[in-house]
file data.tsv (TSV, C-alpha atoms)
chain	number	residue	atom	x	y	z
F	17	MET	CA	-17.32	4.65	7.03
F	18	PHE	CA	-17.51	8.43	7.14
F	19	PHE	CA	-19.52	8.62	3.88
F	20	LYS	CA	-22.32	6.52	2.49
F	21	ARG	CA	-22.03	4.55	-0.69
F	22	ASN	CA	-24.89	6.15	-2.60
F	23	LYS	CA	-24.48	4.18	-5.79
F	24	ALA	CA	-22.35	1.40	-7.18
F	25	SER	CA	-18.70	2.21	-7.75
F	26	ALA	CA	-17.08	1.65	-11.11
F	27	PHE	CA	-14.28	-0.11	-9.20
F	28	ASP	CA	-14.40	-3.15	-6.97
F	29	TYR	CA	-11.14	-2.41	-5.14
F	30	LEU	CA	-8.60	0.33	-4.53
F	31	VAL	CA	-4.97	-0.74	-4.03
F	32	VAL	CA	-2.70	1.99	-2.63
F	33	GLY	CA	1.09	1.83	-2.42
F	34	LEU	CA	2.60	4.32	0.00
F	35	GLY	CA	5.81	6.26	-0.57
F	36	ASN	CA	7.32	9.64	-1.37
F	37	PRO	CA	7.39	11.09	-4.90
F	38	GLY	CA	10.66	12.22	-6.44
F	39	MET	CA	13.83	10.59	-7.71
F	40	GLN	CA	15.69	11.20	-4.46
F	41	TYR	CA	13.30	8.83	-2.66
F	42	GLU	CA	13.37	6.00	-5.19
F	43	ASN	CA	14.28	2.60	-3.73
F	44	THR	CA	14.29	3.87	-0.15
F	45	ARG	CA	12.83	1.81	2.69
F	46	HIS	CA	9.85	4.17	3.01
F	47	ASN	CA	9.00	3.62	-0.66
F	48	ILE	CA	8.60	-0.14	-0.57
F	49	GLY	CA	4.83	0.37	-0.93
F	50	PHE	CA	5.49	2.03	-4.30
F	51	LEU	CA	7.78	-0.87	-5.27
F	52	ALA	CA	5.17	-3.46	-4.35
F	53	LEU	CA	2.53	-1.65	-6.38
F	54	ASP	CA	4.96	-1.52	-9.31
F	55	ARG	CA	5.29	-5.29	-9.08
F	56	LEU	CA	1.51	-5.70	-9.18
F	57	CYS	CA	1.28	-3.31	-12.14
F	58	ALA	CA	3.93	-5.28	-14.03
F	59	ARG	CA	2.02	-8.49	-13.50
F	60	TYR	CA	-1.16	-7.05	-15.02
F	61	GLU	CA	0.51	-4.70	-17.52
F	62	ALA	CA	-1.10	-1.72	-15.80
F	63	ARG	CA	0.27	1.79	-16.19
F	64	LEU	CA	-0.17	4.62	-13.72
F	65	THR	CA	-0.53	7.41	-16.25
F	66	LYS	CA	-3.37	9.48	-14.77
F	67	HIS	CA	-2.67	12.28	-12.30
F	68	LYS	CA	-5.64	13.43	-10.27
F	69	HIS	CA	-6.77	13.42	-6.64
F	70	ARG	CA	-3.14	14.11	-5.74
F	71	ALA	CA	-2.17	10.63	-6.95
F	72	LEU	CA	-0.74	8.78	-9.90
F	73	PHE	CA	-3.19	6.04	-10.79
F	74	GLY	CA	-4.31	3.48	-13.31
F	75	GLU	CA	-6.38	0.34	-13.36
F	76	CYS	CA	-6.42	-3.35	-14.12
F	77	ARG	CA	-8.71	-6.36	-13.88
F	78	ILE	CA	-8.06	-9.11	-11.36
F	79	ASP	CA	-10.40	-12.11	-11.44
F	80	GLU	CA	-12.92	-10.07	-13.44
F	81	LYS	CA	-12.86	-7.37	-10.78
F	82	ARG	CA	-12.00	-3.82	-11.77
F	83	VAL	CA	-9.18	-2.55	-9.58
F	84	LEU	CA	-7.95	1.04	-9.16
F	85	LEU	CA	-4.21	1.26	-8.47
F	86	ALA	CA	-2.76	4.42	-6.91
F	87	LYS	CA	0.38	6.07	-5.57
F	88	PRO	CA	-0.40	9.19	-3.50
F	89	GLN	CA	1.84	12.11	-4.48
F	90	THR	CA	1.28	14.11	-1.30
F	91	PHE	CA	4.40	12.79	0.45
F	92	MET	CA	4.03	10.04	3.01
F	93	ASN	CA	2.74	11.97	6.03
F	94	LEU	CA	-0.24	13.35	4.06
F	95	SER	CA	-1.16	10.15	2.21
F	96	GLY	CA	-4.67	10.23	3.62
F	97	GLU	CA	-5.48	13.47	1.83
F	98	SER	CA	-5.14	11.68	-1.50
F	99	VAL	CA	-6.71	8.43	-0.33
F	100	VAL	CA	-9.86	10.11	0.99
F	101	GLU	CA	-10.38	11.87	-2.35
F	102	LEU	CA	-10.03	8.58	-4.26
F	103	LEU	CA	-12.43	6.73	-1.96
F	104	GLN	CA	-15.02	9.48	-2.07
F	105	PHE	CA	-14.82	10.21	-5.80
F	106	TYR	CA	-14.98	6.56	-6.86
F	107	LYS	CA	-17.34	5.58	-4.02
F	108	ILE	CA	-15.18	2.71	-2.82
F	109	PRO	CA	-15.79	1.58	0.79
F	110	ALA	CA	-12.71	1.45	3.03
F	111	GLU	CA	-12.98	-2.31	3.52
F	112	ARG	CA	-12.28	-2.68	-0.23
F	113	MET	CA	-9.07	-0.67	-0.04
F	114	ILE	CA	-5.74	-2.50	0.32
F	115	VAL	CA	-2.77	-0.44	1.52
F	116	LEU	CA	0.84	-1.55	0.92
F	117	TYR	CA	3.53	0.02	3.10
F	118	ASP	CA	6.81	-0.39	4.97
F	119	ASP	CA	7.12	-1.78	8.49
F	120	ILE	CA	10.26	-1.41	10.62
F	121	SER	CA	9.10	-4.12	13.07
F	122	LEU	CA	9.42	-6.79	10.35
F	123	ASP	CA	12.71	-8.06	8.97
F	124	VAL	CA	13.50	-7.51	5.31
F	125	GLY	CA	11.93	-10.30	3.28
F	126	HIS	CA	8.88	-10.67	5.53
F	127	LEU	CA	5.34	-9.34	5.26
F	128	ARG	CA	2.19	-9.41	7.35
F	129	ILE	CA	-1.45	-8.92	6.37
F	130	ARG	CA	-3.93	-7.26	8.71
F	131	ARG	CA	-7.64	-6.60	8.22
F	132	LYS	CA	-7.68	-3.55	10.53
F	133	GLY	CA	-5.81	-1.92	13.38
F	134	SER	CA	-3.85	1.07	14.58
F	135	ASP	CA	-1.21	2.89	12.56
F	136	GLY	CA	1.59	1.17	14.49
F	137	GLY	CA	3.61	4.39	14.44
F	138	HIS	CA	3.49	4.73	10.65
F	139	ASN	CA	2.69	8.34	9.77
F	140	GLY	CA	1.24	7.57	6.34
F	141	VAL	CA	-1.21	5.06	7.78
F	142	LYS	CA	-1.95	7.41	10.67
F	143	ASN	CA	-2.98	10.13	8.23
F	144	ILE	CA	-5.14	7.72	6.24
F	145	ILE	CA	-7.01	6.67	9.39
F	146	GLU	CA	-7.47	10.32	10.42
F	147	GLN	CA	-8.76	11.35	7.00
F	148	ILE	CA	-11.16	8.48	6.32
F	149	GLY	CA	-12.34	8.05	9.92
F	150	THR	CA	-11.80	4.31	10.28
F	151	ASP	CA	-8.98	1.83	10.77
F	152	VAL	CA	-10.96	-1.02	9.23
F	153	PHE	CA	-9.22	-1.63	5.91
F	154	PRO	CA	-6.88	-4.41	4.75
F	155	ARG	CA	-3.20	-3.63	4.77
F	156	ILE	CA	-0.04	-5.47	3.77
F	157	LYS	CA	2.96	-4.49	5.88
F	158	ILE	CA	6.30	-5.16	4.21
F	159	GLY	CA	9.40	-5.51	6.36
F	160	VAL	CA	12.26	-3.05	5.97
F	161	GLY	CA	14.12	-3.98	9.16
F	162	SER	CA	14.62	-2.09	12.40
F	163	LYS	CA	17.13	0.65	13.12
F	164	PRO	CA	20.68	-0.65	13.60
F	165	ARG	CA	20.85	0.91	17.07
F	166	PRO	CA	18.36	2.72	19.38
F	167	ASP	CA	19.89	6.17	18.94
F	168	TYR	CA	19.77	5.99	15.13
F	169	ASP	CA	17.44	8.62	13.64
F	170	LEU	CA	14.23	6.95	12.47
F	171	LYS	CA	13.67	9.40	9.62
F	172	GLU	CA	17.19	8.83	8.36
F	173	TRP	CA	16.62	5.07	8.54
F	174	VAL	CA	13.35	4.91	6.58
F	175	LEU	CA	14.60	7.42	4.01
F	176	GLY	CA	17.79	5.43	3.56
F	177	LYS	CA	18.33	2.80	0.88
F	178	PHE	CA	18.56	-0.93	1.30
F	179	THR	CA	21.97	-2.53	1.59
F	180	LEU	CA	23.10	-4.74	-1.27
F	181	ALA	CA	22.39	-7.86	0.79
F	182	GLN	CA	18.89	-6.60	1.66
F	183	ALA	CA	18.18	-5.63	-1.94
F	184	LYS	CA	18.67	-9.26	-2.93
F	185	GLN	CA	15.88	-10.24	-0.52
F	186	LEU	CA	13.39	-7.76	-1.94
F	187	ASP	CA	12.52	-9.63	-5.11
F	188	ASP	CA	10.70	-12.46	-3.35
F	189	VAL	CA	8.88	-10.27	-0.83
F	190	LEU	CA	7.66	-7.88	-3.54
F	191	ASP	CA	6.34	-10.88	-5.47
F	192	ASN	CA	4.66	-12.11	-2.30
F	193	ALA	CA	3.11	-8.71	-1.62
F	194	ALA	CA	1.67	-8.63	-5.15
F	195	GLU	CA	0.42	-12.21	-4.82
F	196	ALA	CA	-1.12	-11.48	-1.40
F	197	THR	CA	-2.98	-8.50	-2.88
F	198	VAL	CA	-4.34	-10.73	-5.62
F	199	ALA	CA	-5.31	-13.37	-3.04
F	200	ILE	CA	-7.38	-10.84	-1.09
F	201	ILE	CA	-9.17	-9.75	-4.26
F	202	GLU	CA	-9.67	-13.23	-5.76
F	203	HIS	CA	-10.61	-14.94	-2.48
F	204	ASP	CA	-10.78	-12.93	0.76
F	205	ILE	CA	-8.52	-11.60	3.47
F	206	ASP	CA	-8.78	-14.74	5.62
F	207	TYR	CA	-7.47	-16.83	2.73
F	208	ALA	CA	-4.61	-14.40	2.17
F	209	MET	CA	-3.70	-14.22	5.88
F	210	ASN	CA	-3.65	-18.00	6.21
F	211	ARG	CA	-1.39	-18.29	3.19
F	212	TYR	CA	1.04	-15.41	3.69
F	213	ASN	CA	1.17	-14.69	7.45
F	214	ARG	CA	3.87	-17.23	8.26
call {"tool": "encode", "arguments": {"input": "data.tsv", "output": "structure tokens"}}
result
Amino acid sequence: MFFKRNKASAFDYLVVGLGNPGMQYENTRHNIGFLALDRLCARYEARLTKHKHRALFGECRIDEKRVLLAKPQTFMNLSGESVVELLQFYKIPAERMIVLYDDISLDVGHLRIRRKGSDGGHNGVKNIIEQIGTDVFPRIKIGVGSKPRPDYDLKEWVLGKFTLAQAKQLDDVLDNAAEATVAIIEHDIDYAMNRYNR
């Protein structure tokens, strides 16, 4: 990690949902990280009412662990600028950060957990890795489906909204993303990967 953990953090984990702020981006493919975090918040009756470190955030307890929940408000491509401030201020090591975000290589309704790795072409994750100086942090990639044809503009695709048929598939995968986050915190990432990487 790029900074040393000088003293114990008040939080055991940081869970970050990636997306873009603003009503015009609500329920778009790129904001599925926000939607997954909302599902986790609903489960634990957590409210993201604080606004600092360029993020909306709140907290909850999962298995007696204190968990910080955050939505960066920097817009997707600068997500790392908020994340690095949260990690540094609360002295949370990167390996105890879980990032939820969209993945165009996975079909709608599917997710995949990884313990580390490259950004895979995702600009929000790319900026996080650049800002914190490591790619070793758990992430849950949530499928939003690939472009309908090769010449389709990628930005237009990820900033577009789900079709009605796809929207019906979201409920289960958002539940699974929330449950997978809890599984990492309550058990460990190996347990979560074995259970949810199908």
call {"tool": "atom_distance", "arguments": {"input": "data.tsv", "atom1": "CA of Pro166 (chain F)", "atom2": "CA of Asn93 (chain F)"}}
result
22.5 Å
call {"tool": "residues_around", "arguments": {"input": "data.tsv", "residues": "region 179-187 of chain F", "least_positions_apart": "4", "cutoff": "9 Å", "atoms": "only C-alpha atoms", "output": "mmCIF file with C-alpha atoms, keeping the file's coordinate frame"}}
result
data_model
loop_
_atom_site.group_PDB
_atom_site.id
_atom_site.type_symbol
_atom_site.label_atom_id
_atom_site.label_comp_id
_atom_site.auth_asym_id
_atom_site.auth_seq_id
_atom_site.Cartn_x
_atom_site.Cartn_y
_atom_site.Cartn_z
ATOM 1 C CA VAL F 124 13.500 -7.510 5.310
ATOM 2 C CA GLY F 125 11.930 -10.300 3.280
ATOM 3 C CA VAL F 160 12.260 -3.050 5.970
ATOM 4 C CA ASP F 191 6.340 -10.880 -5.470
ATOM 5 C CA ASN F 192 4.660 -12.110 -2.300
#
call {"tool": "closest_residue", "arguments": {"input": "data.tsv", "among": "F:Leu170, F:Ile156, F:Ile148, F:Ile48", "to": "Pro109 (chain F)", "atoms": "only C-alpha atoms"}}
result
F:Ile148
call {"tool": "residues_around", "arguments": {"input": "data.tsv", "residues": "Lys68 (chain F)", "least_positions_apart": "4", "cutoff": "12 Å", "atoms": "all atoms listed in the file", "output": "list in words"}}
result
Leu64, Leu72, Phe73, Gly74, Ala86, Lys87, Pro88, Gln89, Thr90, Ser98, Val99, Glu101, Leu102 and Phe105 of chain F
call {"tool": "closest_residue", "arguments": {"input": "data.tsv", "among": "F:Asp79, F:Phe178, F:Pro37, F:Arg214", "to": "Ala199 (chain F)", "atoms": "only C-alpha atoms"}}
result
F:Asp79
call {"tool": "residues_around", "arguments": {"input": "data.tsv", "residues": "region 130-133 of chain F", "least_positions_apart": "5", "cutoff": "8 Å", "atoms": "only C-alpha atoms", "output": "ChimeraX atom specification"}}
result
/F:151-157,205,209
call {"tool": "residues_around", "arguments": {"input": "data.tsv", "residues": "Asn139 (chain F)", "least_positions_apart": "4", "cutoff": "10 Å", "atoms": "all atoms listed in the file", "output": "PyMOL selection string"}}
result
chain F and resi 92-96+135+143-145
call {"tool": "residues_around", "arguments": {"input": "data.tsv", "residues": "Ser25 (chain F)", "least_positions_apart": "3", "cutoff": "7 Å", "atoms": "all atoms listed in the file", "output": "PyMOL selection string"}}
result
chain F and resi 28+106-108
call {"tool": "atom_distance", "arguments": {"input": "data.tsv", "atom1": "CA of Asp123 (chain F)", "atom2": "CA of Gly161 (chain F)"}}
result
4.3 Å
call {"tool": "closest_residue", "arguments": {"input": "data.tsv", "among": "F:Glu202, F:Glu146, F:Ala194, F:Lys81", "to": "Leu51 (chain F)", "atoms": "only C-alpha atoms"}}
result
F:Ala194
call {"tool": "atom_distance", "arguments": {"input": "data.tsv", "atom1": "CA of His69 (chain F)", "atom2": "CA of His46 (chain F)"}}
result
21.3 Å
call {"tool": "closest_residue", "arguments": {"input": "data.tsv", "among": "F:Lys142, F:Arg82, F:Arg55, F:Arg128", "to": "Glu97 (chain F)", "atoms": "all atoms listed in the file"}}
result
F:Lys142
call {"tool": "residues_near_point", "arguments": {"input": "data.tsv", "point": "(5.5, -9.3, 6.2)", "cutoff": "7 Å", "atoms": "only C-alpha atoms", "output": "list of chain:residue names"}}
result
F:Leu122, F:His126, F:Leu127, F:Arg128, F:Ile129, F:Lys157, F:Ile158, F:Gly159
call {"tool": "closest_residue", "arguments": {"input": "data.tsv", "among": "F:Arg77, F:Lys66, F:His203, F:Lys163", "to": "Asp119 (chain F)", "atoms": "all atoms listed in the file"}}
result
F:Lys163
call {"tool": "closest_residue", "arguments": {"input": "data.tsv", "among": "F:Ala52, F:Val83, F:Val189, F:Ala71", "to": "Arg112 (chain F)", "atoms": "only C-alpha atoms"}}
result
F:Val83
